[in-house]
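J.: Here you go, one structure.
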Amino acid sequence: PLDYQIRVHAPKVVRQAKWSSAAILANFFIGSERDALFYRIDKGEWKKMHYYETYDPVYYQQSFEWDFTPELFEGSRPSYPTQCRHLWYGHLPADLAVGQHTIEVKALDMFGRTFIQTSSYRIAKTP
């Protein structure tokens, strides 16, 4: 649907820390390297995302579920993942307050259209 053009992938929970390797990956379905993507946390400042060719983590996980299930899935096994050419990367901050935080990703495509998708993650104290 037109209101769902970006899949935002981020950890559901990260440990509160000064630094973390956690990332936001945005799969802009109709995107290309010529588009610009930005993200922000909790209505903060928009930051530029970086174009990043790698595997789509959601498709990667779904395709390998077939290898780890003890029961057969209905339908045909998907193909193995290939490098995705419509992904962007941004750093997911872990140095915010403990609790739930909102992620917004904004895509500006080469035709001047804007698309926005939201997600969220939680920061937890170290046990």
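Just remember, in the structure tokens the first chain shown is A, the second B, etc., residues are 1-based per chain, and ligands are 1-based in the order shown.
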Skipping near chain neighbours, those fewer than 4 positions away, what residues fall within 12 Å of Gln61 in chain A using only C-alpha atoms, listed as number ranges by chain?
T.: A: 9, 55-57, 65-68, 78, 80-81
J.: Need the shell around Asn27 in chain A: protein/DNA/RNA residues with any atom at most 6 Å away, counting only C-alpha atoms. Skip same-chain ones fewer than 2 positions apart. Format as a PyMOL selection string?
T.: chain A and resi 6-7+29+86-87
J.: Can you pull out every residue within 9 Å of range 42-45 of chain A, counting only C-alpha atoms, but drop anything in the same chain fewer than 5 positions away, and send it as a PyMOL selection string?
T.: chain A and resi 101-104
J.: List every residue of range 13-73 of chain A that has an atom at most 7 Å from any atom of range 111-123 of chain A, and for each one report the closest atom pair and its distance in Å to one decimal, counting only C-alpha atoms, with rows sorted by chain and then by increasing residue number, as a Markdown table.
T.:
| residue | atom | partner | partner_atom | distance |
| --- | --- | --- | --- | --- |
| A:Val13 | CA | A:Arg122 | CA | 4.6 |
| A:Val14 | CA | A:Ile123 | CA | 5.1 |
| A:Arg15 | CA | A:Ile123 | CA | 5.7 |
| A:Gln16 | CA | A:Ile123 | CA | 5.6 |
J.: Using C-alpha atoms, can you export the residues from the last selection as a PDB file, in the first residue's frame?
T.:
ATOM      1  CA  VAL A  13      15.446  -3.721  23.047  1.00  0.00           C
ATOM      2  CA  VAL A  14      19.004  -2.489  23.636  1.00  0.00           C
ATOM      3  CA  ARG A  15      21.059  -2.137  26.780  1.00  0.00           C
ATOM      4  CA  GLN A  16      21.480   1.432  28.026  1.00  0.00           C
TER       5      GLN A  16
END
J.: State, in Å with one decimal place, the distance from CA of Asp3 in chain A to CA of Ser79 in chain A.
T.: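 According to the coordinates, CA of Asp3 in chain A and CA of Ser79 in chain A are separated by 27.3 Å.
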J.: Which one is closest to Val8 in chain A: A:Met49, A:Met110, A:Ala26, A:Ala36? Count only C-alpha atoms.
T.: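 Under the stated criterion, the closest residue is A:Ala26.
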J.: Mind giving me the straight-line distance from CA of Val58 in chain A to CA of Cys84 in chain A in Å, one decimal?
T.: 11.4 Å
J.: Using the chain letters and numbers from this document, which residues of chain A does DSSP assign to alpha helix (DSSP H), as a list in words?
T.: Pro57, Val58, Tyr59, Tyr60, Gln61, Gln62, Ser63, Phe64, Glu65, Trp66, Asp67 and Phe68 of chain A
J.: When distances are computed from only C-alpha atoms, which of A:Tyr4, A:Trp19, A:Tyr89, A:Phe73 shows the smallest separation from Thr54 in chain A?
T.: A:Tyr89
